file upload_31.cif (mmCIF, C-alpha atoms)
data_entry
#
loop_
_atom_site.label_atom_id
_atom_site.label_comp_id
_atom_site.auth_asym_id
_atom_site.auth_seq_id
_atom_site.Cartn_x
_atom_site.Cartn_y
_atom_site.Cartn_z
CA MET A 194 -43.42 43.44 -38.92
CA SER A 195 -41.65 46.10 -36.92
CA ALA A 196 -38.12 47.17 -37.70
CA GLN A 197 -37.20 46.21 -34.16
CA GLY A 198 -35.29 42.97 -34.03
CA ARG A 199 -34.63 43.05 -37.73
CA GLN A 200 -30.99 42.38 -38.49
CA SER A 201 -28.99 44.52 -40.83
CA PRO A 202 -28.54 42.77 -44.14
CA THR A 203 -25.18 41.75 -45.53
CA PRO A 204 -24.35 44.23 -48.31
CA GLY A 205 -23.81 43.08 -51.87
CA GLN A 206 -20.66 43.41 -53.95
CA THR A 207 -20.03 43.25 -57.66
CA VAL A 208 -19.97 39.84 -59.32
CA GLY A 209 -16.64 41.01 -60.77
CA PRO A 210 -14.97 39.95 -64.01
CA PHE A 211 -14.18 36.32 -63.24
CA PHE A 212 -17.54 34.65 -62.58
CA GLY A 213 -17.48 33.05 -66.03
CA TYR A 214 -15.88 29.79 -64.93
CA ALA A 215 -18.00 29.53 -61.79
CA LEU A 216 -21.60 30.63 -62.20
CA PRO A 217 -22.71 29.80 -65.77
CA TYR A 218 -23.25 26.08 -66.39
CA ASP A 219 -24.36 23.85 -69.23
CA GLY A 220 -28.08 24.12 -69.76
CA GLY A 221 -28.37 27.11 -67.43
CA ASN A 222 -30.31 29.11 -69.99
CA GLU A 223 -32.46 26.23 -71.20
CA LEU A 224 -35.38 26.02 -68.77
CA VAL A 225 -36.84 23.75 -71.43
CA PRO A 226 -35.10 22.29 -74.49
CA PRO A 227 -35.37 24.79 -77.35
CA THR A 228 -36.67 22.00 -79.57
CA ARG A 229 -39.80 21.56 -77.48
CA PRO A 230 -42.82 22.63 -79.54
CA ASP A 231 -44.08 25.07 -76.90
CA ALA A 232 -40.60 26.50 -76.11
CA ILE A 233 -40.29 30.25 -76.41
CA ARG A 234 -37.21 32.42 -76.39
CA LEU A 235 -36.70 35.32 -73.98
CA HIS A 236 -33.70 37.30 -75.13
CA GLY A 237 -32.17 40.73 -75.38
CA ARG A 238 -29.05 42.81 -75.02
CA VAL A 239 -27.53 44.54 -72.03
CA TYR A 240 -26.17 48.06 -72.66
CA ASP A 241 -24.10 50.48 -70.62
CA GLY A 242 -24.47 54.25 -70.34
CA ALA A 243 -22.52 54.84 -73.56
CA GLY A 244 -24.85 52.53 -75.47
CA ASP A 245 -22.19 49.85 -75.72
CA PRO A 246 -23.10 46.20 -75.15
CA VAL A 247 -22.08 44.69 -71.81
CA PRO A 248 -20.30 41.41 -72.59
CA ASP A 249 -19.73 40.44 -68.95
CA ALA A 250 -23.18 40.53 -67.43
CA LEU A 251 -25.08 37.66 -65.89
CA ILE A 252 -28.86 37.50 -66.17
CA GLU A 253 -31.10 35.27 -64.07
CA VAL A 254 -34.76 34.64 -64.73
CA TRP A 255 -37.43 33.31 -62.37
CA GLN A 256 -40.97 32.78 -63.53
CA ALA A 257 -44.31 31.07 -63.10
CA ALA A 258 -45.25 28.01 -65.11
CA PRO A 259 -47.71 28.43 -68.02
CA ASP A 260 -50.62 27.59 -65.69
CA GLY A 261 -49.56 30.37 -63.32
CA SER A 262 -48.25 28.03 -60.64
CA VAL A 263 -44.96 28.64 -58.84
CA PRO A 264 -42.39 25.97 -59.75
CA GLN A 265 -40.94 24.37 -56.63
CA ALA A 266 -39.04 21.49 -58.21
CA ALA A 267 -35.27 21.11 -57.80
CA GLY A 268 -33.01 20.40 -60.73
CA SER A 269 -32.09 23.73 -62.30
CA LEU A 270 -28.36 22.91 -62.17
CA HIS A 271 -28.76 19.45 -63.70
CA ARG A 272 -31.81 19.62 -65.89
CA ASP A 273 -33.55 16.40 -66.84
CA GLY A 274 -35.22 17.91 -69.90
CA TYR A 275 -38.73 17.41 -68.52
CA THR A 276 -39.02 19.15 -65.16
CA PHE A 277 -39.83 22.84 -65.33
CA THR A 278 -37.99 24.56 -62.47
CA GLY A 279 -38.84 28.14 -63.50
CA TRP A 280 -35.28 29.39 -62.96
CA GLY A 281 -32.39 29.96 -65.32
CA ARG A 282 -29.08 31.75 -65.65
CA ALA A 283 -27.36 33.16 -68.75
CA ALA A 284 -24.13 35.07 -69.24
CA THR A 285 -24.14 37.69 -71.97
CA ASP A 286 -21.97 36.97 -75.00
CA ARG A 287 -19.45 39.27 -76.71
CA THR A 288 -22.31 41.28 -78.17
CA GLY A 289 -24.04 41.74 -74.82
CA HIS A 290 -26.74 39.27 -75.83
CA TYR A 291 -28.46 36.84 -73.47
CA GLN A 292 -31.11 34.26 -74.21
CA PHE A 293 -33.28 31.71 -72.47
CA SER A 294 -35.42 28.97 -73.91
CA THR A 295 -38.40 28.66 -71.62
CA LEU A 296 -42.18 28.51 -71.43
CA ARG A 297 -44.66 31.34 -71.49
CA PRO A 298 -45.34 32.39 -67.86
CA GLY A 299 -48.98 32.27 -66.76
CA GLY A 300 -50.92 34.09 -64.07
CA ALA A 301 -53.03 37.26 -63.93
CA THR A 302 -50.17 39.64 -64.82
CA PRO A 303 -47.54 37.38 -66.31
CA TYR A 304 -43.93 38.50 -66.15
CA PHE A 305 -40.39 37.24 -65.91
CA ALA A 306 -38.62 38.32 -62.68
CA ILE A 307 -35.09 39.27 -63.70
CA THR A 308 -31.87 39.79 -61.77
CA VAL A 309 -28.93 41.59 -63.39
CA PHE A 310 -25.29 41.21 -62.34
CA ALA A 311 -22.22 42.58 -64.13
CA ARG A 312 -18.65 43.61 -63.69
CA GLY A 313 -18.84 47.31 -62.83
CA LEU A 314 -22.27 46.90 -61.28
CA LEU A 315 -21.67 47.07 -57.54
CA ASP A 316 -24.88 45.31 -56.50
CA ARG A 317 -27.54 43.28 -58.27
CA LEU A 318 -30.49 44.93 -59.94
CA PHE A 319 -34.04 43.60 -60.07
CA THR A 320 -36.56 44.21 -62.79
CA ARG A 321 -39.58 42.57 -64.44
CA ALA A 322 -40.17 41.77 -68.09
CA TYR A 323 -43.93 41.68 -68.57
CA LEU A 324 -45.59 39.89 -71.43
CA PRO A 325 -46.89 42.36 -74.02
CA GLY A 326 -50.11 43.95 -72.75
CA SER A 327 -49.47 42.99 -69.12
CA ALA A 328 -47.20 45.83 -67.96
CA PRO A 329 -48.82 48.07 -65.35
CA ALA A 330 -49.61 51.67 -66.34
CA GLN A 331 -46.74 53.14 -64.32
CA TRP A 332 -44.10 50.97 -66.01
CA PRO A 333 -44.92 50.75 -69.72
CA SER A 334 -41.22 50.29 -70.51
CA LEU A 335 -41.16 46.99 -68.63
CA ALA A 336 -43.15 45.28 -71.38
CA ALA A 337 -41.16 42.80 -73.43
CA ALA A 338 -41.71 42.96 -77.20
CA ALA A 339 -43.02 39.93 -79.04
CA ASP A 340 -40.94 38.42 -81.83
CA ASP A 341 -41.38 35.30 -83.94
CA ARG A 342 -40.24 32.83 -81.30
CA GLY A 343 -40.93 34.66 -78.05
CA PHE A 344 -40.02 37.93 -76.43
CA VAL A 345 -37.28 40.54 -76.54
CA PHE A 346 -36.27 42.48 -73.45
CA ASP A 347 -33.23 44.76 -73.61
CA ILE A 348 -31.65 46.05 -70.42
CA ARG A 349 -30.12 49.52 -70.35
CA LEU A 350 -28.10 50.08 -67.20
CA GLN A 351 -27.85 53.82 -67.62
CA GLY A 352 -28.85 56.79 -69.75
CA GLU A 353 -31.42 57.13 -72.48
CA GLY A 354 -34.12 54.52 -72.10
CA GLU A 355 -32.65 53.42 -68.77
CA THR A 356 -34.46 50.29 -67.62
CA VAL A 357 -36.80 50.72 -64.67
CA PHE A 358 -35.21 48.78 -61.83
CA LEU A 359 -37.15 47.76 -58.76
CA SER A 360 -36.59 47.83 -55.06
CA TYR A 361 -38.92 45.79 -52.93
CA THR A 362 -40.72 47.46 -50.07
CA GLN A 363 -39.77 46.23 -46.63
CA ASP A 364 -42.30 46.64 -43.88
CA MET B 177 -9.17 59.26 -68.35
CA SER B 178 -6.08 58.73 -70.47
CA GLN B 179 -3.70 58.06 -67.63
CA LEU B 180 -4.35 55.75 -64.72
CA ALA B 181 -4.77 57.49 -61.40
CA SER B 182 -2.26 56.74 -58.68
CA GLN B 183 -3.29 54.99 -55.50
CA ALA B 184 -2.82 58.32 -53.70
CA ASP B 185 -5.29 60.03 -56.06
CA LEU B 186 -7.72 57.15 -55.71
CA SER B 187 -7.42 57.11 -51.94
CA ALA B 188 -8.11 60.86 -51.89
CA GLU B 189 -11.35 60.23 -53.82
CA ILE B 190 -12.33 57.47 -51.40
CA ASP B 191 -11.49 59.69 -48.47
CA ALA B 192 -13.56 62.61 -49.79
CA ILE B 193 -16.65 60.41 -50.15
CA SER B 194 -16.06 58.97 -46.72
CA LYS B 195 -15.77 62.44 -45.13
CA GLU B 196 -18.94 63.57 -46.86
CA TYR B 197 -20.75 60.55 -45.42
CA GLU B 198 -19.34 61.22 -41.95
CA ALA B 199 -20.47 64.84 -42.14
CA ALA B 200 -23.98 63.75 -43.13
CA GLY B 201 -23.96 61.57 -40.01
CA ALA B 202 -24.13 64.68 -37.84
CA LEU B 203 -27.39 65.85 -39.45
CA PRO B 204 -30.67 65.16 -37.63
CA ASP B 205 -32.32 63.29 -40.53
CA PHE B 206 -29.33 61.01 -41.10
CA ARG B 207 -30.00 57.38 -41.92
CA ALA B 208 -27.08 54.99 -42.09
CA GLU B 209 -26.58 53.41 -45.51
CA THR B 210 -26.84 49.66 -45.17
CA ASN B 211 -26.24 48.90 -48.83
CA THR B 212 -23.52 49.20 -51.40
CA ARG B 213 -23.53 52.34 -53.51
CA LEU B 214 -24.09 51.67 -57.19
CA ASP B 215 -22.65 55.05 -58.14
CA TYR B 216 -19.13 54.98 -56.73
CA PRO B 217 -16.71 56.73 -59.13
CA PRO B 218 -13.48 55.40 -57.53
CA TYR B 219 -14.53 52.01 -58.96
CA ARG B 220 -13.99 53.09 -62.56
CA SER B 221 -16.01 50.32 -64.20
CA SER B 222 -19.11 51.48 -62.34
CA VAL B 223 -19.16 54.89 -64.04
CA LEU B 224 -21.14 53.76 -67.10
CA ARG B 225 -22.81 50.81 -65.43
CA HIS B 226 -24.90 52.28 -62.64
CA PRO B 227 -28.51 53.39 -63.06
CA THR B 228 -28.93 57.14 -62.66
CA LYS B 229 -32.54 56.89 -61.52
CA ALA B 230 -33.58 55.65 -58.10
CA PRO B 231 -35.19 52.22 -58.16
CA GLN B 232 -38.98 52.15 -58.25
CA GLN B 233 -40.64 50.75 -55.16
CA ALA B 234 -42.52 47.56 -55.89
CA ASP B 235 -44.64 45.33 -53.71
CA PRO B 236 -43.32 41.85 -54.29
CA GLU B 237 -46.04 39.66 -55.75
CA GLY B 238 -46.59 36.18 -57.06
CA ILE B 239 -43.35 34.59 -58.12
CA GLU B 240 -41.24 37.16 -56.25
CA LEU B 241 -42.52 35.80 -52.94
CA TRP B 242 -40.87 32.49 -53.74
CA ALA B 243 -37.36 31.36 -54.51
CA PRO B 244 -36.14 28.65 -56.84
CA VAL B 245 -35.62 25.30 -55.15
CA PHE B 246 -32.29 23.50 -55.30
CA GLY B 247 -31.75 20.02 -53.96
CA GLN B 248 -29.55 16.96 -53.87
CA ARG B 249 -30.13 16.60 -57.59
CA ASP B 250 -28.32 19.90 -58.09
CA VAL B 251 -25.35 19.68 -55.76
CA ASP B 252 -22.97 16.83 -55.01
CA PRO B 253 -21.82 17.01 -51.34
CA LEU B 254 -18.22 16.79 -52.56
CA GLU B 255 -18.58 20.14 -54.31
CA SER B 256 -18.18 21.90 -50.96
CA ASP B 257 -14.54 20.79 -50.75
CA LEU B 258 -12.48 22.83 -53.20
CA THR B 259 -9.29 21.02 -52.21
CA ILE B 260 -10.28 17.61 -53.64
CA GLN B 261 -11.29 18.54 -57.16
CA HIS B 262 -8.03 17.39 -58.70
CA ARG B 263 -5.52 14.60 -58.18
CA GLY B 264 -3.23 16.48 -55.83
CA GLU B 265 -3.37 18.88 -52.94
CA PRO B 266 -3.60 22.55 -53.88
CA ILE B 267 -0.88 24.93 -52.66
CA GLY B 268 -1.73 27.30 -49.84
CA GLU B 269 -3.35 27.59 -46.45
CA ARG B 270 -6.14 25.00 -46.16
CA MET B 271 -9.10 26.58 -44.41
CA VAL B 272 -12.71 25.93 -43.55
CA VAL B 273 -15.19 28.74 -43.94
CA THR B 274 -18.57 28.23 -42.36
CA GLY B 275 -21.50 30.26 -41.14
CA ARG B 276 -25.26 30.64 -41.14
CA VAL B 277 -27.54 32.13 -43.74
CA THR B 278 -30.55 33.81 -42.16
CA ASP B 279 -33.14 36.28 -43.34
CA GLY B 280 -33.55 39.73 -41.82
CA ASP B 281 -35.91 38.31 -39.21
CA GLY B 282 -33.37 35.78 -38.02
CA ARG B 283 -34.97 32.76 -39.65
CA PRO B 284 -32.54 30.21 -41.08
CA VAL B 285 -32.49 29.82 -44.84
CA ARG B 286 -32.70 26.05 -45.07
CA HIS B 287 -31.56 23.67 -47.81
CA GLN B 288 -30.70 26.52 -50.14
CA LEU B 289 -27.90 26.90 -52.66
CA VAL B 290 -24.62 28.67 -51.81
CA GLU B 291 -22.01 29.09 -54.57
CA ILE B 292 -18.47 30.42 -54.12
CA TRP B 293 -15.58 31.23 -56.41
CA GLN B 294 -12.15 32.63 -55.69
CA ALA B 295 -8.53 33.11 -56.71
CA ASN B 296 -5.89 30.58 -55.69
CA ALA B 297 -3.27 31.12 -52.98
CA GLY B 298 -1.17 33.19 -55.38
CA GLY B 299 -4.05 35.49 -56.31
CA ARG B 300 -4.71 33.92 -59.71
CA TYR B 301 -8.12 33.00 -61.08
CA ILE B 302 -8.47 30.08 -63.44
CA HIS B 303 -10.57 32.39 -65.66
CA GLN B 304 -8.92 32.89 -69.07
CA ARG B 305 -9.26 36.66 -68.82
CA ASP B 306 -7.11 36.77 -65.70
CA GLN B 307 -3.72 37.91 -66.99
CA HIS B 308 -2.03 38.24 -63.60
CA PRO B 309 1.37 36.54 -64.02
CA ALA B 310 1.07 34.41 -60.90
CA ALA B 311 1.10 30.63 -61.05
CA ILE B 312 -1.98 28.66 -61.97
CA ASP B 313 -2.37 25.83 -59.48
CA PRO B 314 -3.19 22.67 -61.44
CA HIS B 315 -4.85 21.30 -58.32
CA PHE B 316 -7.18 24.20 -57.68
CA THR B 317 -10.11 25.50 -59.70
CA GLY B 318 -11.60 27.75 -57.04
CA MET B 319 -15.30 27.06 -57.48
CA GLY B 320 -17.59 25.34 -54.96
CA ARG B 321 -21.23 24.78 -54.15
CA CYS B 322 -23.20 23.50 -51.21
CA LEU B 323 -26.69 23.47 -49.76
CA THR B 324 -27.33 24.96 -46.35
CA ASP B 325 -28.48 22.47 -43.71
CA ALA B 326 -31.68 22.54 -41.65
CA ASP B 327 -30.16 25.26 -39.49
CA GLY B 328 -29.10 27.45 -42.43
CA THR B 329 -25.44 26.52 -41.99
CA TYR B 330 -23.06 26.25 -44.95
CA SER B 331 -19.49 25.00 -44.87
CA PHE B 332 -16.67 24.95 -47.42
CA THR B 333 -13.17 23.58 -47.29
CA THR B 334 -10.84 25.59 -49.48
CA ILE B 335 -7.52 27.42 -49.75
CA LYS B 336 -7.06 30.95 -48.49
CA PRO B 337 -7.05 33.15 -51.60
CA GLY B 338 -4.28 35.67 -52.22
CA PRO B 339 -4.69 39.37 -53.04
CA TYR B 340 -4.32 40.24 -56.71
CA PRO B 341 -3.64 43.26 -58.92
CA TRP B 342 -6.26 44.76 -61.21
CA LYS B 343 -6.45 47.65 -63.64
CA ASN B 344 -8.71 50.11 -61.84
CA HIS B 345 -5.79 52.46 -61.20
CA HIS B 346 -2.01 52.26 -61.03
CA ASN B 347 -0.77 49.64 -58.56
CA ALA B 348 -4.32 48.61 -57.66
CA TRP B 349 -4.67 45.48 -55.52
CA ARG B 350 -7.82 43.76 -54.34
CA PRO B 351 -7.91 42.52 -50.74
CA ALA B 352 -8.16 38.73 -50.58
CA HIS B 353 -11.79 37.68 -50.90
CA ILE B 354 -14.16 34.85 -51.70
CA HIS B 355 -17.18 35.57 -53.93
CA PHE B 356 -20.46 34.27 -52.50
CA SER B 357 -23.74 33.78 -54.33
CA LEU B 358 -26.84 33.27 -52.17
CA PHE B 359 -30.53 32.62 -52.52
CA GLY B 360 -33.13 33.13 -49.83
CA THR B 361 -36.67 31.94 -49.45
CA GLU B 362 -37.86 34.71 -51.75
CA PHE B 363 -36.64 36.02 -55.09
CA THR B 364 -36.18 39.47 -53.52
CA GLN B 365 -33.40 38.15 -51.25
CA ARG B 366 -31.00 37.21 -54.04
CA LEU B 367 -27.48 38.30 -53.10
CA ILE B 368 -24.02 38.15 -54.62
CA THR B 369 -21.26 39.53 -52.44
CA GLN B 370 -17.65 39.03 -51.31
CA MET B 371 -16.26 37.77 -48.03
CA TYR B 372 -13.03 39.30 -46.76
CA PHE B 373 -10.45 38.35 -44.14
CA PRO B 374 -9.88 40.21 -40.88
CA GLY B 375 -7.23 42.90 -40.76
CA ASP B 376 -6.51 43.06 -44.48
CA PRO B 377 -4.13 46.00 -45.08
CA LEU B 378 -5.76 46.63 -48.48
CA PHE B 379 -9.23 47.50 -47.12
CA ALA B 380 -8.63 51.25 -47.02
CA LEU B 381 -7.24 51.23 -50.57
CA ASP B 382 -9.94 49.18 -52.28
CA PRO B 383 -12.78 51.01 -54.04
CA ILE B 384 -14.99 47.91 -54.20
CA TYR B 385 -14.87 47.30 -50.45
CA GLN B 386 -15.18 51.04 -49.80
CA SER B 387 -18.25 51.33 -52.04
CA ILE B 388 -20.12 50.38 -48.87
CA VAL B 389 -19.57 53.78 -47.30
CA ASP B 390 -20.90 52.94 -43.86
CA PRO B 391 -18.04 51.42 -41.81
CA ALA B 392 -20.33 49.14 -39.77
CA ALA B 393 -22.06 47.90 -42.92
CA ARG B 394 -18.84 47.03 -44.74
CA GLU B 395 -17.46 45.24 -41.70
CA ARG B 396 -20.32 42.77 -42.16
CA LEU B 397 -18.34 41.40 -45.10
CA VAL B 398 -15.35 40.51 -42.95
CA ALA B 399 -15.12 36.96 -41.61
CA THR B 400 -13.88 36.16 -38.11
CA TYR B 401 -11.06 33.78 -37.35
CA ASP B 402 -12.59 31.06 -35.18
CA HIS B 403 -10.32 28.60 -33.43
CA ASP B 404 -13.29 26.34 -32.77
CA VAL B 405 -13.61 25.92 -36.52
CA THR B 406 -9.88 25.33 -36.91
CA THR B 407 -9.05 21.62 -36.81
CA HIS B 408 -5.96 19.99 -35.32
CA GLU B 409 -3.15 19.58 -37.83
CA TRP B 410 -5.52 20.06 -40.74
CA ALA B 411 -7.11 23.45 -41.49
CA THR B 412 -7.62 26.94 -40.13
CA GLY B 413 -11.19 28.08 -39.59
CA TYR B 414 -13.18 31.19 -40.37
CA ARG B 415 -16.76 32.01 -39.55
CA TRP B 416 -18.95 34.30 -41.62
CA ASP B 417 -22.69 34.68 -41.15
CA ILE B 418 -24.85 36.12 -43.90
CA VAL B 419 -28.08 38.03 -43.35
CA LEU B 420 -30.40 38.37 -46.32
CA SER B 421 -33.09 41.01 -46.51
CA GLY B 422 -36.32 40.48 -44.60
CA SER B 423 -39.01 38.27 -46.04
CA HIS B 424 -42.44 39.43 -47.14
CA ARG B 425 -44.39 36.23 -46.77
CA THR B 426 -46.21 35.50 -43.54
CA PRO B 427 -43.90 33.10 -41.75
CA HIS B 428 -45.00 29.57 -41.05
CA GLU B 429 -44.61 28.58 -37.45
CA GLU B 430 -41.91 26.04 -38.23
CA ASP B 431 -39.81 28.72 -39.91
CA VAL B 432 -39.41 30.74 -36.75
CA ALA B 433 -35.98 30.20 -35.25
#
call {"tool": "encode", "arguments": {"input": "upload_31.cif", "output": "structure tokens"}}
result
Amino acid sequence: MSAQGRQSPTPGQTVGPFFGYALPYDGGNELVPPTRPDAIRLHGRVYDGAGDPVPDALIEVWQAAPDGSVPQAAGSLHRDGYTFTGWGRAATDRTGHYQFSTLRPGGATPYFAITVFARGLLDRLFTRAYLPGSAPAQWPSLAAAADDRGFVFDIRLQGEGETVFLSYTQD
Amino acid sequence: MSQLASQADLSAEIDAISKEYEAAGALPDFRAETNTRLDYPPYRSSVLRHPTKAPQQADPEGIELWAPVFGQRDVDPLESDLTIQHRGEPIGERMVVTGRVTDGDGRPVRHQLVEIWQANAGGRYIHQRDQHPAAIDPHFTGMGRCLTDADGTYSFTTIKPGPYPWKNHHNAWRPAHIHFSLFGTEFTQRLITQMYFPGDPLFALDPIYQSIVDPAARERLVATYDHDVTTHEWATGYRWDIVLSGSHRTPHEEDVA
């Protein structure tokens, strides 16, 4: 597609400090009930450039179903406990920790697509958390680590071990 | 920084960045910045929260070429009216804000989720961390949701928010704004931003608004007063269209506007 005729996008702005009463919702981080036998946990901490946890970040996840299919069912905001919508939202807690209960994503190179918002972060950031062994050679740091109930993926906004963030090619 | 900067100091920082950008505009290889800067020191909270490395270019694949689906199950139509969430009428200027959500190729983003949140008419958020000593309005929460229609149009009825003070620097005030959260037809189009009101005297003083250094780009965040949206003896009307980034999927014929 040529650039001609393409409209200039509306710029982003920070999510600010006061999203807590508006964006998070009950069940937002439970793509499946954590009690489900095949539920896994995707979790981690968000850190700033001083290595301090970020207690006012918002993390969204979007992923394939275990069979690799793309979920296209509504219901993320009012979950029925059975329908897998593939999308979730979690605010970090006082320790900068976020968590999701979900299913293992399928597909050839399975990953969780992640969006990061925070007070102090002027626009959203995109990244991917690959399942262990699936990260491409150029981004080894985007592999999540396995733990006893799922995967750990920490997000470092700045500095040592800064997370690789992605920008999507437009052409 | 032990002492808070004054507005004059802060404005000088904003001005220096702005002049640097203007000067770059005269160079032959200049490309206008369409996005918000992540590294914008006048917004103090950004100093330790912006990546220092440029983002890696990725070809969107698989799940990224799709967006989550929201539907009637998710959103009650009444959630688009922020003035009826309590037993009484909220204080302030009742207004309708409406517009279209399209992608960068002009295609409407249909039946997709739009979320908003905002301060009340006095500039106070219901959020417990908001310490601004302005009145809480018991009849206003300041959070709404809707789905766009088949034409990509959203509409909210709400109260015009007030400006409010914050702690970025001494005597810092945010221009009145409504936070918007948007999804497109692809994951890559996810956007959270703020809508402003025309002619706000605080624009030049605000490091968040000014973090979009290109004047034409930041004006895209300013709504237009529209008397055709205003309704007789009921509410004023503002129009604000939102353009998401272009899509990567091959468009279906029915998607073309």
call {"tool": "atom_distance", "arguments": {"input": "upload_31.cif", "atom1": "atom CA of Asp376 of chain B", "atom2": "atom CA of Lys336 of chain B"}}
result
12.8 Å
call {"tool": "resolve_selection", "arguments": {"input": "upload_31.cif", "expression": "the PyMOL selection byres ((chain A and resi 353) around 12)", "output": "MDAnalysis selection string"}}
result
(chainID A and resid 240:244 348:352 354:357) or (chainID B and resid 227:229)
call {"tool": "atom_distance", "arguments": {"input": "upload_31.cif", "atom1": "atom CA of Thr317 of chain B", "atom2": "atom CA of Gln304 of chain B"}}
result
12.0 Å
call {"tool": "interface_residues", "arguments": {"input": "upload_31.cif", "of": "chain A", "to": "chain B", "cutoff": "6 Å", "atoms": "only C-alpha atoms", "output": "list of chain:residue names"}}
result
A:Arg199, A:Gln200, A:Pro202, A:Thr203, A:Pro204, A:Gly205, A:Gln206, A:Phe211, A:Tyr214, A:Ala215, A:Asp241, A:Gly242, A:Gln265, A:Ala266, A:Ala267, A:Gly268, A:Leu270, A:His271, A:Gly313, A:Leu314, A:Leu315, A:Leu350, A:Gln351, A:Phe358, A:Leu359, A:Ser360, A:Tyr361, A:Thr362
call {"tool": "closest_residue", "arguments": {"input": "upload_31.cif", "among": "B:Val273, B:Ala188, B:Ala200, B:Val398", "to": "Gly375 of chain B", "atoms": "only C-alpha atoms"}}
result
B:Val398
call {"tool": "closest_residue", "arguments": {"input": "upload_31.cif", "among": "B:Thr406, B:Thr361, B:Thr412, B:Gln179", "to": "Ile335 of chain B", "atoms": "only C-alpha atoms"}}
result
B:Thr412
call {"tool": "resolve_selection", "arguments": {"input": "upload_31.cif", "expression": "the PyMOL selection byres ((chain A and resi 293) around 7)", "output": "number ranges by chain"}}
result
A: 222-223, 234-236, 292, 294-295
call {"tool": "closest_residue", "arguments": {"input": "upload_31.cif", "among": "A:Pro210, A:Gly279, A:Gly274, A:Gly289", "to": "Gln256 of chain A", "atoms": "all atoms listed in the file"}}
result
A:Gly279
call {"tool": "atom_distance", "arguments": {"input": "upload_31.cif", "atom1": "atom CA of Ser334 of chain A", "atom2": "atom CA of Asp347 of chain A"}}
result
10.2 Å
call {"tool": "residues_around", "arguments": {"input": "upload_31.cif", "residues": "Ala301 of chain A", "least_positions_apart": "2", "cutoff": "9 Å", "atoms": "all atoms listed in the file", "output": "PDB file with C-alpha atoms, keeping the file's coordinate frame"}}
result
ATOM      1  CA  GLY A 261     -49.560  30.370 -63.320  1.00  0.00           C
ATOM      2  CA  GLY A 299     -48.980  32.270 -66.760  1.00  0.00           C
ATOM      3  CA  PRO A 303     -47.540  37.380 -66.310  1.00  0.00           C
ATOM      4  CA  SER A 327     -49.470  42.990 -69.120  1.00  0.00           C
TER       5      SER A 327
END
call {"tool": "resolve_selection", "arguments": {"input": "upload_31.cif", "expression": "the PyMOL selection byres ((chain A and resi 291) around 10)", "output": "CSV table (one decimal) with C-alpha atoms, in the frame of the given file"}}
result
chain,number,residue,atom,x,y,z
A,222,ASN,CA,-30.3,29.1,-70.0
A,235,LEU,CA,-36.7,35.3,-74.0
A,236,HIS,CA,-33.7,37.3,-75.1
A,237,GLY,CA,-32.2,40.7,-75.4
A,238,ARG,CA,-29.0,42.8,-75.0
A,239,VAL,CA,-27.5,44.5,-72.0
A,248,PRO,CA,-20.3,41.4,-72.6
A,250,ALA,CA,-23.2,40.5,-67.4
A,251,LEU,CA,-25.1,37.7,-65.9
A,252,ILE,CA,-28.9,37.5,-66.2
A,253,GLU,CA,-31.1,35.3,-64.1
A,282,ARG,CA,-29.1,31.8,-65.6
A,283,ALA,CA,-27.4,33.2,-68.8
A,284,ALA,CA,-24.1,35.1,-69.2
A,285,THR,CA,-24.1,37.7,-72.0
A,286,ASP,CA,-22.0,37.0,-75.0
A,287,ARG,CA,-19.4,39.3,-76.7
A,288,THR,CA,-22.3,41.3,-78.2
A,289,GLY,CA,-24.0,41.7,-74.8
A,290,HIS,CA,-26.7,39.3,-75.8
A,292,GLN,CA,-31.1,34.3,-74.2
A,293,PHE,CA,-33.3,31.7,-72.5
A,346,PHE,CA,-36.3,42.5,-73.4
A,347,ASP,CA,-33.2,44.8,-73.6
call {"tool": "residues_around", "arguments": {"input": "upload_31.cif", "residues": "Pro309 of chain B", "least_positions_apart": "4", "cutoff": "10 Å", "atoms": "only C-alpha atoms", "output": "compact mmCIF listing (two decimals) with C-alpha atoms, in the frame of the given file"}}
result
# COMPACT_ATOMS: atom_id res chain seq x y z
CA GLY B 298 -1.17 33.19 -55.38
CA GLY B 299 -4.05 35.49 -56.31
CA ARG B 300 -4.71 33.92 -59.71
CA TYR B 340 -4.32 40.24 -56.71
CA PRO B 341 -3.64 43.26 -58.92
call {"tool": "residues_near_point", "arguments": {"input": "upload_31.cif", "point": "(-40.4, 41.5, -66.7)", "cutoff": "8 Å", "atoms": "all atoms listed in the file", "output": "NGL selection string"}}
result
:A and (304-307 or 320-324 or 335-337 or 346)
call {"tool": "closest_residue", "arguments": {"input": "upload_31.cif", "among": "A:Pro227, A:Gly209, A:Gly281, A:Gly326", "to": "Arg342 of chain A", "atoms": "only C-alpha atoms"}}
result
A:Pro227
